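K.L.:
Contents are mmCIF, N, CA, C and O atoms; file name my_file.cif:
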```
data_input
#
loop_
_atom_site.label_atom_id
_atom_site.label_comp_id
_atom_site.auth_asym_id
_atom_site.auth_seq_id
_atom_site.Cartn_x
_atom_site.Cartn_y
_atom_site.Cartn_z
N HIS A 1 3.48 17.81 5.29
CA HIS A 1 3.51 16.42 4.83
C HIS A 1 2.26 16.13 4.02
O HIS A 1 1.17 16.57 4.35
N SER A 2 2.41 15.33 2.98
CA SER A 2 1.25 14.92 2.20
C SER A 2 0.79 13.55 2.67
O SER A 2 1.54 12.79 3.28
N HIS A 3 -0.46 13.26 2.37
CA HIS A 3 -1.04 11.97 2.71
C HIS A 3 -1.32 11.22 1.42
O HIS A 3 -2.11 11.69 0.61
N PRO A 4 -0.66 10.06 1.21
CA PRO A 4 -0.85 9.33 -0.03
C PRO A 4 -2.29 8.85 -0.18
O PRO A 4 -2.96 8.51 0.80
N LEU A 5 -2.77 8.83 -1.43
CA LEU A 5 -4.13 8.42 -1.73
C LEU A 5 -4.14 7.77 -3.11
O LEU A 5 -3.46 8.24 -4.03
N ALA A 6 -4.91 6.68 -3.26
CA ALA A 6 -5.06 6.02 -4.56
C ALA A 6 -6.50 5.55 -4.68
O ALA A 6 -7.14 5.18 -3.70
N VAL A 7 -7.01 5.56 -5.92
CA VAL A 7 -8.36 5.11 -6.21
C VAL A 7 -8.27 4.00 -7.24
O VAL A 7 -7.58 4.14 -8.26
N SER A 8 -8.98 2.89 -7.00
CA SER A 8 -8.95 1.78 -7.94
C SER A 8 -9.74 2.12 -9.19
O SER A 8 -10.60 3.00 -9.18
N ARG A 9 -9.44 1.42 -10.26
CA ARG A 9 -10.18 1.61 -11.51
C ARG A 9 -11.66 1.34 -11.24
O ARG A 9 -12.00 0.38 -10.57
N GLY A 10 -12.50 2.21 -11.68
CA GLY A 10 -13.93 2.07 -11.43
C GLY A 10 -14.37 2.69 -10.11
O GLY A 10 -15.56 2.78 -9.83
N GLY A 11 -13.41 3.09 -9.28
CA GLY A 11 -13.74 3.77 -8.03
C GLY A 11 -14.29 2.90 -6.92
O GLY A 11 -14.83 3.41 -5.94
N THR A 12 -14.14 1.59 -7.02
CA THR A 12 -14.66 0.69 -5.99
C THR A 12 -13.91 0.81 -4.67
O THR A 12 -14.50 0.75 -3.60
N PHE A 13 -12.58 1.01 -4.75
CA PHE A 13 -11.76 1.11 -3.54
C PHE A 13 -11.00 2.43 -3.52
O PHE A 13 -10.51 2.89 -4.56
N VAL A 14 -10.89 3.01 -2.32
CA VAL A 14 -10.05 4.18 -2.09
C VAL A 14 -9.05 3.76 -1.02
O VAL A 14 -9.44 3.27 0.04
N VAL A 15 -7.77 3.93 -1.31
CA VAL A 15 -6.71 3.56 -0.39
C VAL A 15 -6.10 4.84 0.14
O VAL A 15 -5.67 5.70 -0.63
N SER A 16 -6.07 4.98 1.46
CA SER A 16 -5.62 6.22 2.09
C SER A 16 -4.57 5.92 3.14
O SER A 16 -4.71 4.96 3.91
N GLY A 17 -3.55 6.75 3.19
CA GLY A 17 -2.51 6.55 4.17
C GLY A 17 -2.12 7.84 4.85
O GLY A 17 -2.36 8.93 4.33
N ALA A 18 -1.53 7.70 6.00
CA ALA A 18 -0.96 8.83 6.71
C ALA A 18 0.55 8.76 6.52
O ALA A 18 1.09 7.73 6.11
N VAL A 19 1.24 9.83 6.80
CA VAL A 19 2.69 9.84 6.64
C VAL A 19 3.30 8.74 7.50
O VAL A 19 4.15 7.99 7.07
N PHE A 20 2.84 8.62 8.73
CA PHE A 20 3.25 7.54 9.62
C PHE A 20 1.99 6.82 10.06
O PHE A 20 1.03 7.46 10.48
N GLY A 21 1.96 5.53 9.98
CA GLY A 21 0.80 4.79 10.45
C GLY A 21 0.21 3.88 9.40
O GLY A 21 0.78 3.66 8.34
N PRO A 22 -0.97 3.36 9.70
CA PRO A 22 -1.58 2.34 8.85
C PRO A 22 -2.17 2.90 7.56
O PRO A 22 -2.40 4.10 7.41
N ILE A 23 -2.42 1.99 6.64
CA ILE A 23 -3.11 2.28 5.38
C ILE A 23 -4.54 1.77 5.54
O ILE A 23 -4.77 0.66 6.00
N HIS A 24 -5.50 2.61 5.17
CA HIS A 24 -6.90 2.23 5.24
C HIS A 24 -7.43 1.99 3.83
O HIS A 24 -7.17 2.78 2.93
N VAL A 25 -8.18 0.90 3.66
CA VAL A 25 -8.83 0.61 2.39
C VAL A 25 -10.33 0.79 2.59
O VAL A 25 -10.93 0.15 3.45
N PHE A 26 -10.91 1.67 1.80
CA PHE A 26 -12.34 1.96 1.88
C PHE A 26 -13.06 1.35 0.69
O PHE A 26 -12.63 1.51 -0.45
N ASP A 27 -14.15 0.65 0.95
CA ASP A 27 -15.01 0.09 -0.09
C ASP A 27 -16.12 1.12 -0.33
O ASP A 27 -16.96 1.33 0.55
N THR A 28 -16.13 1.75 -1.49
CA THR A 28 -17.11 2.80 -1.75
C THR A 28 -18.52 2.25 -1.91
O THR A 28 -19.48 2.97 -1.65
N ARG A 29 -18.65 0.99 -2.27
CA ARG A 29 -19.99 0.38 -2.39
C ARG A 29 -20.60 0.17 -1.01
O ARG A 29 -21.78 0.40 -0.81
N ALA A 30 -19.77 -0.27 -0.07
CA ALA A 30 -20.25 -0.53 1.29
C ALA A 30 -20.28 0.74 2.13
O ALA A 30 -20.94 0.80 3.16
N GLY A 31 -19.51 1.74 1.70
CA GLY A 31 -19.45 3.00 2.44
C GLY A 31 -18.69 2.92 3.74
O GLY A 31 -18.99 3.64 4.68
N LYS A 32 -17.69 2.03 3.81
CA LYS A 32 -16.92 1.90 5.05
C LYS A 32 -15.52 1.38 4.78
O LYS A 32 -15.23 0.85 3.71
N ALA A 33 -14.66 1.55 5.78
CA ALA A 33 -13.31 1.00 5.71
C ALA A 33 -13.40 -0.51 5.86
O ALA A 33 -14.10 -1.00 6.74
N THR A 34 -12.71 -1.22 4.97
CA THR A 34 -12.78 -2.68 5.00
C THR A 34 -11.49 -3.34 5.43
O THR A 34 -11.51 -4.45 5.93
N GLN A 35 -10.35 -2.67 5.24
CA GLN A 35 -9.06 -3.27 5.56
C GLN A 35 -8.17 -2.24 6.24
O GLN A 35 -8.31 -1.04 6.03
N LEU A 36 -7.25 -2.75 7.02
CA LEU A 36 -6.23 -1.92 7.66
C LEU A 36 -4.90 -2.65 7.47
O LEU A 36 -4.76 -3.79 7.87
N CYS A 37 -3.94 -2.01 6.81
CA CYS A 37 -2.65 -2.61 6.52
C CYS A 37 -1.56 -1.83 7.23
O CYS A 37 -1.65 -0.62 7.38
N GLU A 38 -0.51 -2.53 7.64
CA GLU A 38 0.60 -1.92 8.37
C GLU A 38 1.89 -2.05 7.57
O GLU A 38 2.66 -2.97 7.77
N PRO A 39 2.14 -1.14 6.63
CA PRO A 39 3.37 -1.22 5.85
C PRO A 39 4.60 -0.82 6.67
O PRO A 39 4.47 -0.21 7.73
N GLU A 40 5.76 -1.19 6.13
CA GLU A 40 7.02 -0.86 6.80
C GLU A 40 7.48 0.53 6.38
O GLU A 40 7.54 0.85 5.19
N GLY A 41 7.79 1.35 7.34
CA GLY A 41 8.34 2.67 7.04
C GLY A 41 7.30 3.72 6.71
O GLY A 41 6.10 3.48 6.75
N ARG A 42 7.79 4.89 6.41
CA ARG A 42 6.95 6.04 6.07
C ARG A 42 6.47 5.91 4.62
O ARG A 42 7.27 6.02 3.69
N VAL A 43 5.19 5.69 4.43
CA VAL A 43 4.64 5.48 3.09
C VAL A 43 4.59 6.81 2.34
O VAL A 43 4.03 7.78 2.82
N ARG A 44 5.22 6.80 1.18
CA ARG A 44 5.25 8.01 0.35
C ARG A 44 4.42 7.86 -0.91
O ARG A 44 4.03 8.84 -1.53
N THR A 45 4.18 6.61 -1.32
CA THR A 45 3.48 6.35 -2.57
C THR A 45 2.48 5.21 -2.40
O THR A 45 2.78 4.22 -1.74
N LEU A 46 1.31 5.38 -3.00
CA LEU A 46 0.29 4.33 -3.10
C LEU A 46 -0.13 4.24 -4.55
O LEU A 46 -0.29 5.25 -5.23
N LYS A 47 -0.36 3.02 -5.04
CA LYS A 47 -0.82 2.83 -6.41
C LYS A 47 -1.68 1.58 -6.49
O LYS A 47 -1.27 0.53 -6.02
N CYS A 48 -2.89 1.70 -7.05
CA CYS A 48 -3.76 0.55 -7.28
C CYS A 48 -3.45 -0.04 -8.65
O CYS A 48 -3.16 0.68 -9.60
N SER A 49 -3.58 -1.36 -8.75
CA SER A 49 -3.36 -2.02 -10.03
C SER A 49 -4.53 -1.75 -10.97
O SER A 49 -5.64 -1.48 -10.52
N PRO A 50 -4.30 -1.83 -12.28
CA PRO A 50 -5.40 -1.63 -13.24
C PRO A 50 -6.51 -2.66 -13.09
O PRO A 50 -7.64 -2.40 -13.46
N THR A 51 -6.19 -3.83 -12.53
CA THR A 51 -7.20 -4.87 -12.36
C THR A 51 -7.99 -4.71 -11.06
O THR A 51 -8.91 -5.47 -10.80
N ALA A 52 -7.63 -3.72 -10.25
CA ALA A 52 -8.33 -3.40 -9.00
C ALA A 52 -8.36 -4.54 -8.00
O ALA A 52 -9.28 -4.66 -7.22
N ASP A 53 -7.31 -5.38 -8.00
CA ASP A 53 -7.27 -6.44 -7.00
C ASP A 53 -6.09 -6.31 -6.04
O ASP A 53 -6.09 -6.92 -4.98
N VAL A 54 -5.09 -5.51 -6.39
CA VAL A 54 -3.94 -5.29 -5.52
C VAL A 54 -3.56 -3.81 -5.52
O VAL A 54 -3.95 -3.05 -6.40
N PHE A 55 -2.79 -3.43 -4.49
CA PHE A 55 -2.20 -2.10 -4.46
C PHE A 55 -0.80 -2.20 -3.91
O PHE A 55 -0.44 -3.17 -3.23
N ALA A 56 0.01 -1.20 -4.23
CA ALA A 56 1.41 -1.18 -3.79
C ALA A 56 1.65 0.03 -2.90
O ALA A 56 1.04 1.09 -3.10
N THR A 57 2.50 -0.15 -1.91
CA THR A 57 2.97 0.95 -1.07
C THR A 57 4.47 1.07 -1.26
O THR A 57 5.17 0.08 -1.42
N GLY A 58 4.95 2.30 -1.24
CA GLY A 58 6.37 2.54 -1.37
C GLY A 58 6.86 3.44 -0.26
O GLY A 58 6.23 4.47 0.03
N SER A 59 7.94 3.06 0.38
CA SER A 59 8.54 3.86 1.46
C SER A 59 10.04 3.87 1.26
O SER A 59 10.56 3.25 0.34
N GLY A 60 10.74 4.52 2.15
CA GLY A 60 12.19 4.51 2.10
C GLY A 60 12.77 3.19 2.53
O GLY A 60 13.96 2.94 2.37
N LYS A 61 11.94 2.31 3.08
CA LYS A 61 12.42 1.02 3.58
C LYS A 61 12.02 -0.17 2.72
O LYS A 61 12.68 -1.18 2.72
N ALA A 62 10.87 -0.07 2.02
CA ALA A 62 10.38 -1.23 1.28
C ALA A 62 9.32 -0.83 0.26
O ALA A 62 8.67 0.20 0.40
N VAL A 63 9.16 -1.70 -0.73
CA VAL A 63 8.02 -1.66 -1.64
C VAL A 63 7.21 -2.91 -1.30
O VAL A 63 7.76 -4.01 -1.26
N GLU A 64 5.91 -2.72 -1.04
CA GLU A 64 5.08 -3.84 -0.62
C GLU A 64 3.83 -3.92 -1.49
O GLU A 64 3.29 -2.91 -1.91
N LEU A 65 3.40 -5.15 -1.76
CA LEU A 65 2.21 -5.42 -2.56
C LEU A 65 1.15 -6.02 -1.66
O LEU A 65 1.44 -6.95 -0.91
N TRP A 66 -0.09 -5.50 -1.75
CA TRP A 66 -1.18 -5.89 -0.85
C TRP A 66 -2.43 -6.28 -1.63
O TRP A 66 -2.69 -5.74 -2.71
N SER A 67 -3.25 -7.15 -1.05
CA SER A 67 -4.55 -7.49 -1.63
C SER A 67 -5.58 -6.44 -1.24
O SER A 67 -5.71 -6.11 -0.05
N LEU A 68 -6.30 -5.88 -2.22
CA LEU A 68 -7.35 -4.92 -1.90
C LEU A 68 -8.51 -5.60 -1.17
O LEU A 68 -9.15 -5.01 -0.31
N GLY A 69 -8.81 -6.84 -1.51
CA GLY A 69 -9.94 -7.54 -0.91
C GLY A 69 -9.72 -8.00 0.51
O GLY A 69 -10.64 -7.98 1.33
N THR A 70 -8.48 -8.42 0.84
CA THR A 70 -8.23 -8.98 2.17
C THR A 70 -7.30 -8.14 3.04
O THR A 70 -7.24 -8.34 4.25
N GLY A 71 -6.52 -7.26 2.42
CA GLY A 71 -5.54 -6.49 3.16
C GLY A 71 -4.27 -7.26 3.47
O GLY A 71 -3.35 -6.75 4.11
N LYS A 72 -4.17 -8.48 2.96
CA LYS A 72 -3.00 -9.34 3.20
C LYS A 72 -1.82 -8.89 2.35
O LYS A 72 -1.98 -8.55 1.17
N GLN A 73 -0.64 -8.90 2.96
CA GLN A 73 0.58 -8.58 2.23
C GLN A 73 0.90 -9.74 1.28
O GLN A 73 0.94 -10.90 1.69
N LEU A 74 1.12 -9.42 0.00
CA LEU A 74 1.39 -10.44 -1.01
C LEU A 74 2.87 -10.57 -1.34
O LEU A 74 3.34 -11.65 -1.69
N ALA A 75 3.60 -9.47 -1.25
CA ALA A 75 5.03 -9.47 -1.55
C ALA A 75 5.68 -8.26 -0.89
O ALA A 75 5.01 -7.27 -0.61
N LYS A 76 6.99 -8.38 -0.68
CA LYS A 76 7.74 -7.27 -0.08
C LYS A 76 9.15 -7.28 -0.64
O LYS A 76 9.80 -8.32 -0.68
N TRP A 77 9.59 -6.11 -1.08
CA TRP A 77 10.95 -5.93 -1.53
C TRP A 77 11.59 -4.94 -0.57
O TRP A 77 11.25 -3.76 -0.57
N ALA A 78 12.50 -5.43 0.29
CA ALA A 78 13.11 -4.60 1.32
C ALA A 78 14.38 -3.93 0.79
O ALA A 78 15.12 -4.50 0.00
N ARG A 79 14.63 -2.75 1.27
CA ARG A 79 15.82 -2.00 0.86
C ARG A 79 17.04 -2.54 1.58
O ARG A 79 17.07 -2.61 2.80
N ARG A 80 18.03 -2.92 0.81
CA ARG A 80 19.27 -3.43 1.41
C ARG A 80 20.22 -2.29 1.70
O ARG A 80 20.87 -2.24 2.73
N ASP A 81 20.36 -1.41 0.76
CA ASP A 81 21.17 -0.23 0.95
C ASP A 81 20.69 0.83 -0.04
O ASP A 81 19.76 0.60 -0.79
N ILE A 82 21.31 1.96 -0.05
CA ILE A 82 20.82 3.08 -0.87
C ILE A 82 20.70 2.67 -2.33
O ILE A 82 21.65 2.24 -2.96
N GLY A 83 19.47 2.80 -2.84
CA GLY A 83 19.22 2.56 -4.25
C GLY A 83 19.01 1.11 -4.65
O GLY A 83 18.73 0.84 -5.80
N GLU A 84 19.12 0.16 -3.73
CA GLU A 84 18.95 -1.24 -4.09
C GLU A 84 17.84 -1.87 -3.28
O GLU A 84 17.63 -1.57 -2.12
N PHE A 85 17.11 -2.77 -3.93
CA PHE A 85 16.07 -3.53 -3.25
C PHE A 85 16.34 -5.01 -3.43
O PHE A 85 16.82 -5.45 -4.47
N ALA A 86 16.01 -5.79 -2.41
CA ALA A 86 16.23 -7.24 -2.43
C ALA A 86 15.10 -7.92 -3.19
O ALA A 86 14.11 -7.32 -3.58
N SER A 87 15.22 -9.22 -3.36
CA SER A 87 14.19 -10.03 -4.00
C SER A 87 12.95 -10.12 -3.12
O SER A 87 13.03 -9.86 -1.92
N PRO A 88 11.80 -10.54 -3.70
CA PRO A 88 10.58 -10.67 -2.89
C PRO A 88 10.79 -11.60 -1.70
O PRO A 88 11.52 -12.57 -1.79
N VAL A 89 10.13 -11.26 -0.60
CA VAL A 89 10.21 -12.05 0.62
C VAL A 89 9.07 -13.03 0.63
O VAL A 89 7.98 -12.74 0.29
#
```
Let's see the structure in the file written out as structure tokens.
P.N.:
Amino acid sequence: HSHPLAVSRGGTFVVSGAVFGPIHVFDTRAGKATQLCEPEGRVRTLKCSPTADVFATGSGKAVELWSLGTGKQLAKWARRDIGEFASPV
């Protein structure tokens, strides 16, 4: 199994996930983990936005958008059935 990893533009944040479990957001300036997020399902993809303020997680169950600064979930698109996703929650 691979462990998803994403780095924000400028390298300020590193977002790390395990195949099953929470997503950790590390602030490289502070040298410590700053946020812990609990996405739905097995996270297969992580991506930081070019503006370095949000990141997205993708799993077989949902695509979720998170704040890099607070770790708060901003949006969620849940899978209704194979190949389709619902509107933001």
K.L.:
For this file, the PyMOL selection byres ((chain A and resi 53) around 6) selects which residues, as a PyMOL selection string?
P.N.:
chain A and resi 49-52+54-55+66-69
K.L.:
Would you save the residues of that selection, restricted to N, CA, C and O atoms, as a PDB file, keeping the file's coordinate frame?
P.N.:
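Okay, again18.pdb is ready:
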```
ATOM      1  N   SER A  49      -3.580  -1.360  -8.750  1.00  0.00           N
ATOM      2  CA  SER A  49      -3.360  -2.020 -10.030  1.00  0.00           C
ATOM      3  C   SER A  49      -4.530  -1.750 -10.970  1.00  0.00           C
ATOM      4  O   SER A  49      -5.640  -1.480 -10.520  1.00  0.00           O
ATOM      5  N   PRO A  50      -4.300  -1.830 -12.280  1.00  0.00           N
ATOM      6  CA  PRO A  50      -5.400  -1.630 -13.240  1.00  0.00           C
ATOM      7  C   PRO A  50      -6.510  -2.660 -13.090  1.00  0.00           C
ATOM      8  O   PRO A  50      -7.640  -2.400 -13.460  1.00  0.00           O
ATOM      9  N   THR A  51      -6.190  -3.830 -12.530  1.00  0.00           N
ATOM     10  CA  THR A  51      -7.200  -4.870 -12.360  1.00  0.00           C
ATOM     11  C   THR A  51      -7.990  -4.710 -11.060  1.00  0.00           C
ATOM     12  O   THR A  51      -8.910  -5.470 -10.800  1.00  0.00           O
ATOM     13  N   ALA A  52      -7.630  -3.720 -10.250  1.00  0.00           N
ATOM     14  CA  ALA A  52      -8.330  -3.400  -9.000  1.00  0.00           C
ATOM     15  C   ALA A  52      -8.360  -4.540  -8.000  1.00  0.00           C
ATOM     16  O   ALA A  52      -9.280  -4.660  -7.220  1.00  0.00           O
ATOM     17  N   VAL A  54      -5.090  -5.510  -6.390  1.00  0.00           N
ATOM     18  CA  VAL A  54      -3.940  -5.290  -5.520  1.00  0.00           C
ATOM     19  C   VAL A  54      -3.560  -3.810  -5.520  1.00  0.00           C
ATOM     20  O   VAL A  54      -3.950  -3.050  -6.400  1.00  0.00           O
ATOM     21  N   PHE A  55      -2.790  -3.430  -4.490  1.00  0.00           N
ATOM     22  CA  PHE A  55      -2.200  -2.100  -4.460  1.00  0.00           C
ATOM     23  C   PHE A  55      -0.800  -2.200  -3.910  1.00  0.00           C
ATOM     24  O   PHE A  55      -0.440  -3.170  -3.230  1.00  0.00           O
ATOM     25  N   TRP A  66      -0.090  -5.500  -1.750  1.00  0.00           N
ATOM     26  CA  TRP A  66      -1.180  -5.890  -0.850  1.00  0.00           C
ATOM     27  C   TRP A  66      -2.430  -6.280  -1.630  1.00  0.00           C
ATOM     28  O   TRP A  66      -2.690  -5.740  -2.710  1.00  0.00           O
ATOM     29  N   SER A  67      -3.250  -7.150  -1.050  1.00  0.00           N
ATOM     30  CA  SER A  67      -4.550  -7.490  -1.630  1.00  0.00           C
ATOM     31  C   SER A  67      -5.580  -6.440  -1.240  1.00  0.00           C
ATOM     32  O   SER A  67      -5.710  -6.110  -0.050  1.00  0.00           O
ATOM     33  N   LEU A  68      -6.300  -5.880  -2.220  1.00  0.00           N
ATOM     34  CA  LEU A  68      -7.350  -4.920  -1.900  1.00  0.00           C
ATOM     35  C   LEU A  68      -8.510  -5.600  -1.170  1.00  0.00           C
ATOM     36  O   LEU A  68      -9.150  -5.010  -0.310  1.00  0.00           O
ATOM     37  N   GLY A  69      -8.810  -6.840  -1.510  1.00  0.00           N
ATOM     38  CA  GLY A  69      -9.940  -7.540  -0.910  1.00  0.00           C
ATOM     39  C   GLY A  69      -9.720  -8.000   0.510  1.00  0.00           C
ATOM     40  O   GLY A  69     -10.640  -7.980   1.330  1.00  0.00           O
TER      41      GLY A  69
END
```
K.L.:
I'd like the contact shell of A:Val63 - 6 Å cut-off, only N, CA, C and O atoms, skipping same-chain residues fewer than 3 positions apart - returned as a PyMOL selection string.
P.N.:
chain A and resi 57-59+75-79
K.L.:
Taking the file above as input, evaluate the PyMOL selection byres ((chain A and resi 32-39) around 8) and report the hits as a ChimeraX atom specification.
P.N.:
/A:12,14,16-17,20-31,40-43,57,62,64,67-73
K.L.:
Extract the full set of strand (DSSP E) residues from chain A according to DSSP on the backbone, and format it as a PyMOL selection string.
P.N.:
chain A and resi 5-7+13-17+23-27+32-37+43-48+54-59+62-67+73-81+84-85
K.L.:
Kindly give the distance, in Å, that separates atom CA of A:Ala6 and atom C of A:Leu65, rounded to a single decimal.
P.N.:
13.9 Å
